[in-house]
Amino acid sequence: MITRKIEEYLRIALREAQSRGLLPEIDQIDLGIEKSRVPEADYSSTLPLRLARAAGSSPIDIANAIIVSAPKSEMIASIDVAGPGFINMRLSDVWLTSQLDVIAQNGDSFGGSNLGDRTKVQVEFVSVNPTGPLTVGHGRSAILGDVISRIMLASGYEVQREYYVNDTGNQVDLLGQSLRHHYLAAFGIDVPMPSAGYQGEYVREWAGEIIRDHADKYVDLSADEQTIIFVEHGIEIALKSIRDVLSEMDISFDNWFFERQLHNAGAIDEVISRLDSSGYVVRREGATWFTAAGRDDDGGNVLVKRTGDPTYLVADIAYHQDKFQNRGFMRVIDVMGADHHGHVPRMHSALEALGVEASALQYVLCQMVHVVVDGQPIKQSKRSGEFELLSELVADVGPEATRYFMLARDANSQMEFDIDLARNQTDDNPVHKIRYAHARIVSILRRAEQEGLLNQSAELGSLQSADIDLIRIMVRFPDIVNACARDLEPHHLPHFALELAGAFNSYYHSCKVISENQQITRDRLEVVGAVRQVLANCLSLMGIDAPDEMRR
RNA sequence: GCCCCCGUAGCUCAGUGGACAGAGCAACUGCCUUCUAAGCAGUGGGUCGUCCGUUCGAAUCGGACCGGGGGUACCA
């Protein structure tokens with residue numbers, strides 16, 4: 001990572017300045033390294049501004065003390081003081097050129113790191129109740145969870161992707177009863193729909209599937225037997241629907257964890273008694289409540305209902321306790337819709353009560369998605385919305401555009417998904433621009449191969465500023481990936497991809513790669529080959545296909 | 001009422017306390033005998049919701065307020 005290298009460089013300069021007596025001995029953890037905002041520099045440090053107060057001298061003087069103490073480095077071409085006390089550094093062309101080899105040698109793993117040091121991390125995402133098809137909003141958290149998993153994996157974590165299936169409780173029961181209603185209605189038997197039953201048209205279709213596969217064989221069963229059967233069929237059909245659309249988007253899981261496993265293993269009772277023995281459980285109004293000692297109850301902490309049924313909360317506590325204390329995850333990242341935010345503090349205090357550090361469980365909450373067609377938002381109606389279902393969105397704009405636009409926004413922000421832009425097969429559409437840039441390079445490399453130009457080794461002596469500027473962008477990629485992994489914010493990836501693709505397209509128009517000049521040709525093939533690699537790696541982290549050609 | 005998220009260019013959105021706030025789209029002006037014009041070059045466009053505060057320095061941190069959205073179940 002380049003910022004790390006610059007930090008090392010600057011730290012040496014700082015220590016040297018201190019040992020020369022130019023600066024007082026002050027511990028400064030954060031050197032304030034950032035990509036420079038001015039064109040004259042590549043990277044800047046705000047260290048002098050940060051030190052000024054403690055050192056009791058002006059930022060300019062501090063900057064000068066550091067600059068004169070800076071070691072010779074083949075990476076840094078120049079180091080200057082600027083503005084109110086910035087240290088501005090410019091990368092040397094020689095060093096930048098040498099990074100082409102680094103990119104080529106690292107290949108598909110360029111951008112990755114060992115940040116995670118094999119730490120065992122679980123990413124739990126989607127985990128939508130198996131009671132209906134996935135909506136566009138679910139798609140956002142699915143893509144986010146998938147890409148976070150890819151980023152963590154590339155950053156040296158040992159990642160398990162898990163889907164938690166709530167295959168027991170009220171919601172699946174309601175689905176079963178709703179299916180039973182439609183099923184029996186088809187045979188002329190009128191059983192009322194439960195008041196909170198699932199109203200969507202898909203329930204009728206699913207009942208039709210059951211009739212197609214099993215005809216009337218459930219008609220004569222008792223109501224209890226029917227409910228059990230229809231819950232089973234409902235879960236099965238729902239999971240198939242969910243798996244199908246996720247598979248279209250190339251999203252898969254290492255493990256599907258069924259809530260029933262917990263109940264069957266007695267994990268619910270066990271976790272309640274553990275909480276109880278530590279004084280975190282109270283019983284009142286016929287129910288069993290979780291109470292975080294020393295904290296205000298928020299009133300939503302029922303573990304066991306008056307009916308004797310366990311709540312979702314207690315199952316989720318047992319589930320997460322299992323992740324940390326039985327399955328050995330050091331970190332768990334749960335990606336879910338922001339409508340569940342009220343759940344977060346309860347889970348954290350419950351885990352603390354069980355002796356698990358709350359910070360080990362991180363939530364990534366994503367806000368709603370509004371689909372926009374013809375400039376008009378689609379109504380979020382269960383029935384009318386033509387693009388409400390994820391499967392319909394993917395069928396319309398394709399998995400690449402779906403992923404790109406979902407990723408391009410910070411999870412904390414609500415977003416509008418512009419169908420018209422995503423459908424667009426022209427340069428107006430960023431995802432096309434990026435994939436096209438990749439295909440364009442492959443096309444150049446293909447031609448170079450046909451002409452036998454790829455076997456000759458490049459000396460890289462002919463590179464111009466246009467070539468170097470492309471490398472300048474590419475060397476930032478590992479820092480981008482690192483920031484995504486650190487902050488669990490993948491939205492930097494699409495922006496970087498667009499910047500690199502745009503820079504390449506510009507380069508392509510001003511610099512001919514394959515020309516009569518063999519030396520320039522060889523050198524530029526190295527440059528565009530590196531651009532292809534970095535674009536491919538960035539797209540791969542986003543789960544977007546990097547095509548070898550684009551066809552009209 | 002209380003809790004969470006958001007408010008940055010006409011639109012959609014980036015922007016680890018630092019220098020003149022950026023991108024894409026839209027608008028306008030140019031560019032196809034050339035490795036894919038599915039593209040490029042350029043122009044215009046801003047009280048960073050408002051007001052206080054912290055700081056050498058605030059779009060960024062704190063508080064209040066104003067807008068928009070979501071949550072506030074013995075549902076999950």
# chains A, B, ... in the order shown; residues from 1 in each chain; ligands from 1
call {"tool": "closest_atom_pairs", "arguments": {"of": "chain B", "to": "chain A", "cutoff": "9 Å", "atoms": "only C-alpha atoms (C1' of nucleotides)", "output": "JSON lines"}}
result
{"residue": "B:C3", "atom": "C1'", "partner": "A:Gly342", "partner_atom": "CA", "distance": 7.5}
{"residue": "B:C4", "atom": "C1'", "partner": "A:His341", "partner_atom": "CA", "distance": 6.5}
{"residue": "B:C5", "atom": "C1'", "partner": "A:Asn412", "partner_atom": "CA", "distance": 6.0}
{"residue": "B:C6", "atom": "C1'", "partner": "A:Ser413", "partner_atom": "CA", "distance": 5.9}
{"residue": "B:U12", "atom": "C1'", "partner": "A:Glu416", "partner_atom": "CA", "distance": 7.2}
{"residue": "B:C13", "atom": "C1'", "partner": "A:Arg409", "partner_atom": "CA", "distance": 7.1}
{"residue": "B:A14", "atom": "C1'", "partner": "A:His495", "partner_atom": "CA", "distance": 7.6}
{"residue": "B:U16", "atom": "C1'", "partner": "A:Glu34", "partner_atom": "CA", "distance": 8.3}
{"residue": "B:G18", "atom": "C1'", "partner": "A:Thr46", "partner_atom": "CA", "distance": 7.0}
{"residue": "B:A19", "atom": "C1'", "partner": "A:Gly83", "partner_atom": "CA", "distance": 5.8}
{"residue": "B:A23", "atom": "C1'", "partner": "A:His495", "partner_atom": "CA", "distance": 8.0}
{"residue": "B:G24", "atom": "C1'", "partner": "A:Pro430", "partner_atom": "CA", "distance": 7.2}
{"residue": "B:C25", "atom": "C1'", "partner": "A:Asp428", "partner_atom": "CA", "distance": 7.1}
{"residue": "B:U34", "atom": "C1'", "partner": "A:Lys512", "partner_atom": "CA", "distance": 8.7}
{"residue": "B:C35", "atom": "C1'", "partner": "A:Ile444", "partner_atom": "CA", "distance": 5.3}
{"residue": "B:U36", "atom": "C1'", "partner": "A:Arg440", "partner_atom": "CA", "distance": 6.6}
{"residue": "B:A38", "atom": "C1'", "partner": "A:Thr426", "partner_atom": "CA", "distance": 4.9}
{"residue": "B:G39", "atom": "C1'", "partner": "A:Asn505", "partner_atom": "CA", "distance": 7.1}
{"residue": "B:C40", "atom": "C1'", "partner": "A:Ser506", "partner_atom": "CA", "distance": 6.1}
{"residue": "B:A41", "atom": "C1'", "partner": "A:Ser506", "partner_atom": "CA", "distance": 8.9}
{"residue": "B:C56", "atom": "C1'", "partner": "A:Leu49", "partner_atom": "CA", "distance": 8.2}
{"residue": "B:G69", "atom": "C1'", "partner": "A:Gln414", "partner_atom": "CA", "distance": 7.9}
{"residue": "B:G70", "atom": "C1'", "partner": "A:Asp339", "partner_atom": "CA", "distance": 6.0}
{"residue": "B:G71", "atom": "C1'", "partner": "A:Asp339", "partner_atom": "CA", "distance": 5.8}
{"residue": "B:U72", "atom": "C1'", "partner": "A:Gly342", "partner_atom": "CA", "distance": 7.9}
{"residue": "B:A73", "atom": "C1'", "partner": "A:Gly300", "partner_atom": "CA", "distance": 8.1}
{"residue": "B:C74", "atom": "C1'", "partner": "A:Lys305", "partner_atom": "CA", "distance": 4.4}
{"residue": "B:C75", "atom": "C1'", "partner": "A:Asn170", "partner_atom": "CA", "distance": 7.1}
{"residue": "B:A76", "atom": "C1'", "partner": "A:Tyr312", "partner_atom": "CA", "distance": 6.2}
call {"tool": "residues_around", "arguments": {"residues": "Ser273 in chain A", "least_positions_apart": "2", "cutoff": "12 Å", "atoms": "only C-alpha atoms (C1' of nucleotides)", "output": "list in words"}}
result
Gly266, Ala267, Ile268, Asp269, Glu270, Val271, Leu275, Asp276, Ser277, Ser278, Gly279, Tyr280, Val281, Val282, Thr288, Phe290, Leu303, Val314, Ala318 and Leu354 of chain A
call {"tool": "atom_distance", "arguments": {"atom1": "CA of Tyr43 in chain A", "atom2": "CA of Thr3 in chain A"}}
result
8.2 Å
